[in-house]
Amino acid sequence: QVQLVESGGGLVQPGGSLRLSCAASGFIFEHFGMSWYRQVPGKDRVLVARISGEGENTRYSDSAKGRFTISRDNAKNTMSLQMNYLTPEDTAVYFCSADFWTQTYWGQGTQVTVSS
């Protein structure tokens, strides 16, 4: 059974940092590209960052570049997103995603709220 479980969300003040984690199970982790998406109410889910199966390639949205860092540990089947210099515009539900060819899996999401 495929599972993606996010953790690490919460309330943080503007300028602060959070580290999101995604624990994966039920599939061959290193075969899958892993991504973080985020979604705010009434809007589409958008890509924040993506990392390839072996971790050699990464891609970031314009808003994430220079502030967020995606990483993965294939030995532990985990992926992380280090988020620094957070702003209220980063407030959203963050989703972990795994993709390989036509297969895509999603986690349940974790809420990140940036507010003073």
# chains A, B, ... in the order shown; residues from 1 in each chain; ligands from 1
call {"tool": "residues_around", "arguments": {"residues": "segment 2-19 of chain A", "least_positions_apart": "5", "cutoff": "10 Å", "atoms": "only C-alpha atoms", "output": "PyMOL selection string"}}
result
chain A and resi 24-28+67-70+77-98+105-116
call {"tool": "residues_around", "arguments": {"residues": "Ile51 of chain A", "least_positions_apart": "2", "cutoff": "10 Å", "atoms": "only C-alpha atoms", "output": "list in words"}}
result
Phe32, Gly33, Met34, Ser35, Trp36, Ala49, Gly53, Glu54, Gly55, Glu56, Asn57, Thr58, Arg59, Tyr60, Thr69, Ile70, Ser71, Arg72, Met79 and Ala98 of chain A
call {"tool": "select_by_dssp", "arguments": {"residues": "segment 45-81 of chain A", "states": "strand (DSSP E or B)", "output": "VMD selection string"}}
result
chain A and resid 46 to 51 58 to 60 68 to 73 78 to 81
call {"tool": "atom_distance", "arguments": {"atom1": "atom CA of Val48 of chain A", "atom2": "atom CA of Phe100 of chain A"}}
result
17.9 Å
